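Novice: Please read through the structure below; I'll follow up with questions.
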2 protein chains.
Amino acid sequence: MADGFEHLFSERARGLKASMIRELLKLTHQKDIVLFAGGLPNPAAFPVEEVKTICQDLLSGDPDKVLQYGTTEGVTELREQLVERMRRKSIDCDLKNTIITSGSQQALDLVSKVFIDPRDMVVCGAPTFLGGAGVFASYQAQMEAIPVDSEGMPPDILEDRLWKLHRHGRNFKMLYMLPTFQNPTGVTAPESRRKKIIDICAELDMVIIEDDPYCDIRYSGDDLRPVKSFDKEGRVIYMSTFSKILSPGLRVAWLTASEEITSKLVIAKQSTDLCTNTLGQYISYEYLARGLVDKHVELIKKLYRTKRDIMLKSLKDYMPEGVSWTKPDGGMFCWVTVPNYIDTTEMFNRAIANNVAYVPGTAFYTNNGGHDAMRLNFTHPTDEMIRVGVERLAKVIEAEIREHAKHKPHLDVGKDGMIGGV
Amino acid sequence: MADGFEHLFSERARGLKASMIRELLKLTHQKDIVLFAGGLPNPAAFPVEEVKTICQDLLSGDPDKVLQYGTTEGVTELREQLVERMRRKSIDCDLKNTIITSGSQQALDLVSKVFIDPRDMVVCGAPTFLGGAGVFASYQAQMEAIPVDSEGMPPDILEDRLWKLHRHGRNFKMLYMLPTFQNPTGVTAPESRRKKIIDICAELDMVIIEDDPYCDIRYSGDDLRPVKSFDKEGRVIYMSTFSKILSPGLRVAWLTASEEITSKLVIAKQSTDLCTNTLGQYISYEYLARGLVDKHVELIKKLYRTKRDIMLKSLKDYMPEGVSWTKPDGGMFCWVTVPNYIDTTEMFNRAIANNVAYVPGTAFYTNNGGHDAMRLNFTHPTDEMIRVGVERLAKVIEAEIREHAKHKPHLDVGKDGMIGGV
């Protein structure tokens with residue numbers, strides 16, 4: 001089939017770029033490679049037998065219901081379960097505040113569709129989840145990135161920066177944050193910061209997207225209240241997903257926001273996909289209603305806690321001096337910072353040649369940061385391969401350091417527990 | 001949760017309106033109502049036992065595969081099956097031309113995202129599928145509606161209108177058509193028109209969306225080649241779906257276009273939902289690979305052919321003079337035109353009071369047409385209820401005609417086989 005219609009593409013389409021991770025993963029076909037690059041749950045974390053039983057029951061019980069179109073806002077029984085679940089997390093909500101989306105990625109897309117005009121400003125972390133940055137860019141938002149430290153976005157820096165830009169006539173519409181076990185750094189914002197960030201956004205009349213896919217996957221430390229639980233005005237749009245606690249292949253997530261916002265999002269969703277797949281919604285509903293989720297999440301946490309511990313121990317055992325990393329209490333990622341004369345994008349091919357893959361830090365920056373950092377996923381590889389992979393990666397980094405030492409004196413950079421690019 | 005953030009909505013969000021059908025259906029809660037208003041397949045058309053067996057096999061065989069994230073373009077095995085299927089319909093395509101979407105509604109959304117800038121002009125039928133008109137509006141397109149007759153869009157009218165507007169400086173980017181058993185009218189464009197419409201769009205440098213959800217559900221007449229099969233330049237974006245031949249609740253559809261277009265759509269889809277639900281894709285794949293689809297489609301056609309015949313016979317038996325309707329060879333809908341002094345939107349409440357519901361014609365017009373028309377779905381009600389519903393509807397229309405006759409002399413309008421609003 002012939003090409004030649006690019007000149008008809010929309011302005012927004014011209015700006016769309018393929019995901020860096022996606023392109024990188026195409027390079028990683030070796031059989032023995034250790035893939036720290038993905039963001040995949042471990043298949044051992046899927047409740048396969050439970051899903052199998054549920055599917056049989058659903059298709060034997062009321063098949064017409066699970067194979068038919070559903071309402072745009074989502075299956076009512078599922079939304080009722082989620083309202084209960086959100087209330088247990090101190091989020092005051094009701095059925096009208098809670099809708100189902102086709103993954104949290106669709107929630108981000110719908111919120112962008114409803115809020116972002118071209119050239120609107122959106123605040124995010126530096127680094128931040130690239131699927132978030134990608135969707136805002138697809139609606140032609142301009143991004144303002146606030147450096148993330150070991151507790152997320154520092155409110156004082158955020159406040160200074162936004163007010164300075166505000167005085168120069170720039171107005172912000174939205175702040176995007178993953179306050180708990182952030183992708184890509186794994187860091188968590190304490191409650192004091194959560195409250196302060198709401199106050200700052202209230203002063204500047206901004207809405208907040210709280211993207212919270214990992215909250216239930218905590219390995220150490222105490223549960224924190226979501227940002228949304230401190231929200232008195234309906235300013236926070238909360239989103240979470242079944243991808244990490246059940247299955248990402250079902251593409252079922254949810255969003256909780258004020259009725260004004262959810263009803264506009266439902267209208268936007270109508271023309272986007274009519275409804276989220278009904279079978280996946282009913283599987284998710286039964287998974288909650290049968291009380292399987294909390295029991296299964298304990299298994300997932302046990303599986304992943306071991307993997308996190310092996311990754312942190314391996315980093316300590318193998319990484320050369322000058323390399324630092326975050327120590328996440330949950331989630332799926334560690335963030336590793338190397339001496340700043342190393343460019344992790346340039347180093348990527350040498351890592352692949354040594355059978356280990358990561359995501360270069362620059363993928364998570366909307367500005368120019370991250371060249372001296374990388375994201376490592378610890379949930380997907382086997383326990384043994386985590387150790388092997390970190391050892392391989394450490395050797396690649398050591399080679400870079402040696403190469404550098406040949407040419408100029410060593411500069412000591414990177415501080416333990418701090419985030420690259422700060 | 002408080003409201004008060006509407007002032008932050010995007011320009012496009014301010015223009016979003018809830019679907020008229022959706023709002024109307026909320027009014028139809030009576031137990032005995034005959035719903036001609038929906039667009040639902042009949043649950044008796046779902047291959048329940050087949051889906052049940054497939055689910056068990058999938059979750060016993062390779063559960064990790066069907067519960068994990070998939071690639072954005074869709075499951076390769078499924079796309080391979082669809083390439084074969086498209087080739088049998090004379091569409092020359094390959095794997096790189098074929099992607100999976102979350103229902104055809106998402107295909108429409110992605111194409112809009114990639115092609116439409118605010119104020120771009122899109123050509124559609126009058127009437128047309130309102131989910132198409134809705135998504136184009138959500139990207140702030142301006143619509144130009146070409147009156148549809150009993151064979152779809154008349155090429156001569158289309159050509160005259162577009163060139164006249166072109167000479168006035170208006171440029172069109174895209175033409176949207178459902179050439180086979182169009183929603184809402186049920187009419188089909190003959191091959192001669194299909195070819196001429198491609199030629200007109202080539203002259204004006206436009207792309208064509210061929211939305212083809214019903215092609216396999218033909219009850220009479222001969223199969224026609226899709227518009228896409230006549231496309232030598234990659235100008236036509238073809239889309240179809242499993243919604244009518246398997247299950248709409250799975251939300252699995254596909255799109256075939258030039259590589260240039262599909263690769264841009266895949267990038268847009270990445271930030272929209274990452275991927276379509278994997279379980280639904282594998283169910284669809286097995287449904288094709290096991291050779292179940294064509295056998296099952298014969299059952300669906302038998303079921304629906306009877307329903308169409310009952311609707312056409314009932315219309316003939318019960319409708320008063322001055323009422324006309326289309327005689328679809330396939331699909332799910334009849335389009336009924338009433339004397340033009342009757343407003344079907346105003347009549348709607350009286351129909352509901354008489355336990356029958358339809359969609360008023362205006363819902364399908366992007367301009368002001370359709371006040372004297374309505375869409376009737378014949379696939380969802382039972383055979384007996386189709387007859388009962390048409391009888392009820394005929395009585396409601398008769399009452400309108402009598403009421404009108406009291407006030408002024410009867411004008412003879414509406415010609416059998418022609419489309420309202422032409």
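Ordered as shown in the structure tokens, chains take letters A, B, and onward, while each chain numbers its residues from 1 and ligands are numbered from 1 in the order shown.
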So that I can check the surroundings of Val252 (chain A), please list as a PyMOL selection string every protein, DNA and RNA residue that reaches within 10 Å of it, counting only C-alpha atoms and ignoring chain neighbours fewer than 3 positions away.
Specialist: (chain A and resi 74+100-104+106+240-243+246-249+276-284) or (chain B and resi 277)
Novice: Deliver the residues from the most recent selection as a file, using N, CA and C atoms, as a PDB file, in the first residue's frame.
Specialist:
```
ATOM      1  N   GLY A  74     -18.784   2.554  33.090  1.00  0.00           N
ATOM      2  CA  GLY A  74     -18.284   1.280  33.589  1.00  0.00           C
ATOM      3  C   GLY A  74     -19.348   0.491  34.320  1.00  0.00           C
ATOM      4  N   ILE A 100     -14.736   3.807  35.213  1.00  0.00           N
ATOM      5  CA  ILE A 100     -13.761   2.803  34.761  1.00  0.00           C
ATOM      6  C   ILE A 100     -13.102   3.314  33.473  1.00  0.00           C
ATOM      7  N   THR A 101     -11.800   3.075  33.349  1.00  0.00           N
ATOM      8  CA  THR A 101     -11.095   3.447  32.123  1.00  0.00           C
ATOM      9  C   THR A 101     -10.320   2.233  31.585  1.00  0.00           C
ATOM     10  N   SER A 102      -9.928   2.312  30.322  1.00  0.00           N
ATOM     11  CA  SER A 102      -9.177   1.233  29.673  1.00  0.00           C
ATOM     12  C   SER A 102      -7.695   1.405  30.004  1.00  0.00           C
ATOM     13  N   GLY A 103      -7.352   1.025  31.220  1.00  0.00           N
ATOM     14  CA  GLY A 103      -6.013   1.302  31.740  1.00  0.00           C
ATOM     15  C   GLY A 103      -5.918   2.741  32.224  1.00  0.00           C
ATOM     16  N   SER A 104      -4.969   2.998  33.113  1.00  0.00           N
ATOM     17  CA  SER A 104      -4.769   4.386  33.566  1.00  0.00           C
ATOM     18  C   SER A 104      -4.285   5.262  32.419  1.00  0.00           C
ATOM     19  N   GLN A 106      -5.549   5.420  29.541  1.00  0.00           N
ATOM     20  CA  GLN A 106      -6.728   6.090  28.984  1.00  0.00           C
ATOM     21  C   GLN A 106      -7.233   7.186  29.916  1.00  0.00           C
ATOM     22  N   SER A 240      -6.133   4.854  39.579  1.00  0.00           N
ATOM     23  CA  SER A 240      -5.373   3.642  39.888  1.00  0.00           C
ATOM     24  C   SER A 240      -5.845   2.513  38.969  1.00  0.00           C
ATOM     25  N   THR A 241      -5.299   1.338  39.126  1.00  0.00           N
ATOM     26  CA  THR A 241      -5.437   0.313  38.084  1.00  0.00           C
ATOM     27  C   THR A 241      -5.373  -1.103  38.638  1.00  0.00           C
ATOM     28  N   PHE A 242      -5.953  -2.024  37.886  1.00  0.00           N
ATOM     29  CA  PHE A 242      -5.810  -3.448  38.195  1.00  0.00           C
ATOM     30  C   PHE A 242      -4.551  -4.042  37.577  1.00  0.00           C
ATOM     31  N   SER A 243      -3.785  -3.241  36.847  1.00  0.00           N
ATOM     32  CA  SER A 243      -2.641  -3.792  36.106  1.00  0.00           C
ATOM     33  C   SER A 243      -1.600  -4.427  37.014  1.00  0.00           C
ATOM     34  N   LEU A 246      -3.728  -7.427  39.511  1.00  0.00           N
ATOM     35  CA  LEU A 246      -4.508  -8.504  38.891  1.00  0.00           C
ATOM     36  C   LEU A 246      -3.856  -8.875  37.558  1.00  0.00           C
ATOM     37  N   SER A 247      -4.039  -8.041  36.538  1.00  0.00           N
ATOM     38  CA  SER A 247      -3.463  -8.321  35.228  1.00  0.00           C
ATOM     39  C   SER A 247      -3.497  -7.066  34.389  1.00  0.00           C
ATOM     40  N   PRO A 248      -2.362  -6.711  33.757  1.00  0.00           N
ATOM     41  CA  PRO A 248      -2.371  -5.535  32.881  1.00  0.00           C
ATOM     42  C   PRO A 248      -3.070  -5.796  31.555  1.00  0.00           C
ATOM     43  N   GLY A 249      -3.134  -7.096  31.149  1.00  0.00           N
ATOM     44  CA  GLY A 249      -3.741  -7.443  29.866  1.00  0.00           C
ATOM     45  C   GLY A 249      -5.245  -7.222  29.843  1.00  0.00           C
ATOM     46  N   THR A 276     -15.189   0.457  28.288  1.00  0.00           N
ATOM     47  CA  THR A 276     -14.060  -0.443  28.529  1.00  0.00           C
ATOM     48  C   THR A 276     -14.551  -1.885  28.393  1.00  0.00           C
ATOM     49  N   ASN A 277     -13.654  -2.786  27.995  1.00  0.00           N
ATOM     50  CA  ASN A 277     -14.096  -4.163  27.738  1.00  0.00           C
ATOM     51  C   ASN A 277     -14.829  -4.744  28.945  1.00  0.00           C
ATOM     52  N   THR A 278     -16.012  -5.304  28.653  1.00  0.00           N
ATOM     53  CA  THR A 278     -16.936  -5.724  29.701  1.00  0.00           C
ATOM     54  C   THR A 278     -16.437  -6.965  30.425  1.00  0.00           C
ATOM     55  N   LEU A 279     -15.885  -7.922  29.689  1.00  0.00           N
ATOM     56  CA  LEU A 279     -15.398  -9.156  30.307  1.00  0.00           C
ATOM     57  C   LEU A 279     -14.327  -8.829  31.355  1.00  0.00           C
ATOM     58  N   GLY A 280     -13.367  -8.000  30.993  1.00  0.00           N
ATOM     59  CA  GLY A 280     -12.316  -7.592  31.927  1.00  0.00           C
ATOM     60  C   GLY A 280     -12.875  -6.896  33.157  1.00  0.00           C
ATOM     61  N   GLN A 281     -13.909  -6.085  32.969  1.00  0.00           N
ATOM     62  CA  GLN A 281     -14.524  -5.396  34.109  1.00  0.00           C
ATOM     63  C   GLN A 281     -15.186  -6.387  35.055  1.00  0.00           C
ATOM     64  N   TYR A 282     -15.891  -7.375  34.491  1.00  0.00           N
ATOM     65  CA  TYR A 282     -16.555  -8.346  35.365  1.00  0.00           C
ATOM     66  C   TYR A 282     -15.547  -9.262  36.055  1.00  0.00           C
ATOM     67  N   ILE A 283     -14.456  -9.588  35.366  1.00  0.00           N
ATOM     68  CA  ILE A 283     -13.403 -10.364  36.032  1.00  0.00           C
ATOM     69  C   ILE A 283     -12.859  -9.561  37.221  1.00  0.00           C
ATOM     70  N   SER A 284     -12.614  -8.274  37.002  1.00  0.00           N
ATOM     71  CA  SER A 284     -12.091  -7.419  38.071  1.00  0.00           C
ATOM     72  C   SER A 284     -13.092  -7.318  39.223  1.00  0.00           C
TER      73      SER A 284
ATOM     74  N   ASN B 277      -7.031  -4.694  25.149  1.00  0.00           N
ATOM     75  CA  ASN B 277      -7.012  -5.793  26.119  1.00  0.00           C
ATOM     76  C   ASN B 277      -6.583  -7.104  25.454  1.00  0.00           C
TER      77      ASN B 277
END
```
Novice: Region 194-201 of chain A: which residues within 10 Å, counting only C-alpha atoms, same-chain residues fewer than 2 positions away excluded, as a PyMOL selection string?
Specialist: chain A and resi 152-156+158-160+162-163+172-175+177+179+188-192+203-208+224-233+235-236
Novice: Could you write out as a ChimeraX atom specification the residues of chain A within 6 Å of chain B, counting only C-alpha atoms?
Specialist: /A:1-3,9-10,13,18,43,64,67-69,105-106,109,114-117,135,233-234,247-251,258,260,267,271-273,277-278
Novice: Let's see if you can do this: from backbone DSSP, list all helix (DSSP H, G or I) residues in region 84-299 of chain B, as a VMD selection string.
Specialist: chain B and resid 84 to 88 95 to 97 103 to 115 130 to 138 155 to 167 191 to 203 227 to 230 248 to 250 259 to 273 278 to 289 292 to 299
Novice: For Ala126 (chain A), which of A:Leu24, A:Val297, A:Ala363, A:Val83 is the closest residue, counting only C-alpha atoms?
Specialist: A:Ala363
Novice: Any idea what's packed within 7 Å of region 347-351 of chain B, counting only C-alpha atoms, ignoring anything in its chain fewer than 5 positions away? Could you give it as a PyMOL selection string?
Specialist: chain B and resi 356-357+393+396
Novice: So which one's closest to Leu255 (chain B), B:Ser220, B:Asn340, B:Thr98, B:Asn354? Using only C-alpha atoms, please.
Specialist: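 Closest to Leu255 (chain B) of all the choices is B:Thr98.
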Novice: In Å, with one decimal, what is the gap from CA of His380 (chain B) to CA of Thr366 (chain B)?
Specialist: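 Here the two named atoms are 26.3 Å from each other.
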Novice: Just want the 10 Å neighbourhood of Leu35 (chain B), counted on only C-alpha atoms, with same-chain residues fewer than 3 positions away dropped. Output as a list in words.
Specialist: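 Here the qualifying residues turn out to be Leu25, Thr28, Asp32, Gly38, Gly39, Ile352, Asn355, Val356, Ala357, Tyr358, Val359, Leu376, Asn377, Phe378, His380, Pro381, Met385, Ile386 and Gly389 of chain B.
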Novice: Where does DSSP see strand (DSSP E or B) in region 76-295 of chain A, if you list the residues as a ChimeraX atom specification?
Specialist: /A:98-101,121-126,142-147,149,152,172-177,207-211,218,236-241,253-256
Novice: Please measure the separation of CA of Thr337 (chain B) and CA of Met319 (chain B), giving the value in Å to one decimal.
Specialist: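 Pair CA of Thr337 (chain B) / CA of Met319 (chain B) returns 10.8 Å.
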Novice: In Å, how far is it from CA of Asp216 (chain A) to CA of Arg375 (chain A)?
Specialist: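 One can read the CA of Asp216 (chain A) to CA of Arg375 (chain A) distance as 20.9 Å.
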Novice: With distances taken over only C-alpha atoms, which of B:Ala37, B:Met332, B:Ile99, B:Trp325 is nearest to Asp149 (chain B)?
Specialist: B:Trp325
